[in-house]
Amino acid sequence: QVQLVESGGGLVQAGESLRLSCAASLSISTILSMGWFRQTPGEQRELVAAISRTGTTTYGNSMKGRFTISRDVAKNTAYLQMNSLKPEDTAVYYCALDRLGENTYWGQGTQVTVSS
């Protein structure tokens with residue numbers, strides 16, 4: 001069973017930064033991808049950013065230029081650097097991991113709250 005442990009959420013003011021971390025219980029060197037999604041009450045979960053096994057990155061439209069996803073393969077950890085945060089970035093952020101032939105694994109979620 002794959003486990004993903006997120007950390008780094010919290011309460012910040014608009015314009016400030018946060019870095020989220022997601023530590024996986026397995027080697028991420030051979031997974032398909034790892035990423036972050038976010039969700040607010042009553043809304044669907046949306047893609048924030050993802051990074052593939054080869055290092056290719058993908059971002060949600062409203063995050064481009066502000067958020068950066070990265071990974072440390074030696075630590076089996078992915079990071080999400082969030083800059084210039086806005087109140088509309090307030091959400092629960094979930095780490096996700098995909099392996100070939102398996103369903104997506106999800107972390108427990110971490111709350112990010114941005115005050116105006």
# chains A, B, ... in the order shown; residues from 1 in each chain; ligands from 1
$ residues_around --residues "A:Gln39" --least-positions-apart "6" --cutoff "7 Å" --atoms "only C-alpha atoms" --output "PyMOL selection string"
chain A and resi 45-46+91-93
$ write_last_selection --atoms "N, CA, C and O atoms" --output "mmCIF file, in the first residue's frame"
data_model
loop_
_atom_site.group_PDB
_atom_site.id
_atom_site.type_symbol
_atom_site.label_atom_id
_atom_site.label_comp_id
_atom_site.auth_asym_id
_atom_site.auth_seq_id
_atom_site.Cartn_x
_atom_site.Cartn_y
_atom_site.Cartn_z
ATOM 1 N N ARG A 45 -12.364 18.446 -7.612
ATOM 2 C CA ARG A 45 -10.921 18.520 -7.398
ATOM 3 C C ARG A 45 -10.271 18.960 -8.725
ATOM 4 O O ARG A 45 -10.601 18.437 -9.788
ATOM 5 N N GLU A 46 -9.342 19.924 -8.641
ATOM 6 C CA GLU A 46 -8.710 20.421 -9.857
ATOM 7 C C GLU A 46 -7.196 20.241 -9.790
ATOM 8 O O GLU A 46 -6.589 20.290 -8.713
ATOM 9 N N ALA A 91 -7.802 26.302 -0.241
ATOM 10 C CA ALA A 91 -8.353 24.986 -0.574
ATOM 11 C C ALA A 91 -7.631 23.930 0.250
ATOM 12 O O ALA A 91 -6.632 24.222 0.912
ATOM 13 N N VAL A 92 -8.129 22.720 0.168
ATOM 14 C CA VAL A 92 -7.381 21.562 0.657
ATOM 15 C C VAL A 92 -6.557 21.046 -0.527
ATOM 16 O O VAL A 92 -7.097 20.815 -1.608
ATOM 17 N N TYR A 93 -5.279 20.912 -0.303
ATOM 18 C CA TYR A 93 -4.356 20.459 -1.345
ATOM 19 C C TYR A 93 -4.020 18.990 -1.107
ATOM 20 O O TYR A 93 -3.624 18.603 -0.002
#
$ residues_around --residues "stretch 104-111 of chain A" --least-positions-apart "3" --cutoff "6 Å" --atoms "only C-alpha atoms" --output "VMD selection string"
chain A and resid 4 to 5 9 92 to 98
$ write_last_selection --atoms "N, CA, C and O atoms" --output "short mmCIF file (atom, residue, chain, number, x, y, z; two decimals), in the first residue's frame"
data_model
loop_
_atom_site.label_atom_id
_atom_site.label_comp_id
_atom_site.auth_asym_id
_atom_site.auth_seq_id
_atom_site.Cartn_x
_atom_site.Cartn_y
_atom_site.Cartn_z
N LEU A 4 1.19 8.46 1.12
CA LEU A 4 1.67 9.80 0.79
C LEU A 4 1.40 10.68 1.99
O LEU A 4 0.28 10.77 2.47
N VAL A 5 2.43 11.34 2.46
CA VAL A 5 2.31 12.19 3.64
C VAL A 5 2.62 13.63 3.23
O VAL A 5 3.74 13.94 2.84
N GLY A 9 1.13 22.97 4.76
CA GLY A 9 -0.02 23.86 4.64
C GLY A 9 -0.09 24.82 5.81
O GLY A 9 0.65 24.70 6.79
N VAL A 92 -8.13 22.72 0.17
CA VAL A 92 -7.38 21.56 0.66
C VAL A 92 -6.56 21.05 -0.53
O VAL A 92 -7.10 20.81 -1.61
N TYR A 93 -5.28 20.91 -0.30
CA TYR A 93 -4.36 20.46 -1.35
C TYR A 93 -4.02 18.99 -1.11
O TYR A 93 -3.62 18.60 0.00
N TYR A 94 -4.17 18.20 -2.16
CA TYR A 94 -3.94 16.77 -2.09
C TYR A 94 -2.77 16.38 -2.98
O TYR A 94 -2.68 16.80 -4.14
N CYS A 95 -1.92 15.54 -2.45
CA CYS A 95 -0.85 14.94 -3.24
C CYS A 95 -1.40 13.69 -3.92
O CYS A 95 -2.22 12.96 -3.34
N ALA A 96 -0.96 13.44 -5.14
CA ALA A 96 -1.40 12.28 -5.91
C ALA A 96 -0.21 11.62 -6.57
O ALA A 96 0.74 12.29 -6.97
N LEU A 97 -0.29 10.31 -6.70
CA LEU A 97 0.79 9.54 -7.31
C LEU A 97 0.17 8.48 -8.21
O LEU A 97 -0.80 7.80 -7.82
N ASP A 98 0.73 8.34 -9.40
CA ASP A 98 0.24 7.36 -10.37
C ASP A 98 1.34 6.36 -10.70
O ASP A 98 2.47 6.75 -11.00
#
$ residues_around --residues "A:Pro87" --least-positions-apart "2" --cutoff "10 Å" --atoms "only C-alpha atoms" --output "list of chain:residue names"
A:Val12, A:Gln13, A:Ala14, A:Gly15, A:Leu85, A:Asp89, A:Thr90, A:Ala91, A:Val112, A:Thr113, A:Val114, A:Ser115, A:Ser116
$ residues_around --residues "stretch 65-70 of chain A" --least-positions-apart "3" --cutoff "9 Å" --atoms "only C-alpha atoms" --output "ChimeraX atom specification"
/A:35-36,48-51,55,57-59,62,77-85
$ closest_residue --among "A:Leu18, A:Ser52, A:Leu47, A:Val2" --to "A:Met34" --atoms "only C-alpha atoms"
A:Ser52
$ select_by_dssp --residues "stretch 22-77 of chain A" --states "helix (DSSP H, G or I)" --output "list in words"
Asn61, Ser62, Met63, Val73, Ala74 and Lys75 of chain A
$ atom_distance --atom1 "atom CA of A:Arg71" --atom2 "atom CA of A:Ser7"
14.3 Å
$ closest_residue --among "A:Thr56, A:Asn61, A:Thr30, A:Ser25" --to "A:Glu6" --atoms "only C-alpha atoms"
A:Ser25
$ select_by_dssp --residues "chain A" --states "strand (DSSP E)" --output "MDAnalysis selection string"
chainID A and resid 4:7 10:13 18:24 33:39 46:52 57:59 67:72 77:82 91:98 105:106 110:115
$ residues_around --residues "A:Lys75" --least-positions-apart "3" --cutoff "9 Å" --atoms "only C-alpha atoms" --output "list in words"
Ala23, Ala24, Ser27, Ile28, Arg71, Asp72 and Ala78 of chain A
$ atom_distance --atom1 "atom CA of A:Ser29" --atom2 "atom CA of A:Asn76"
7.8 Å
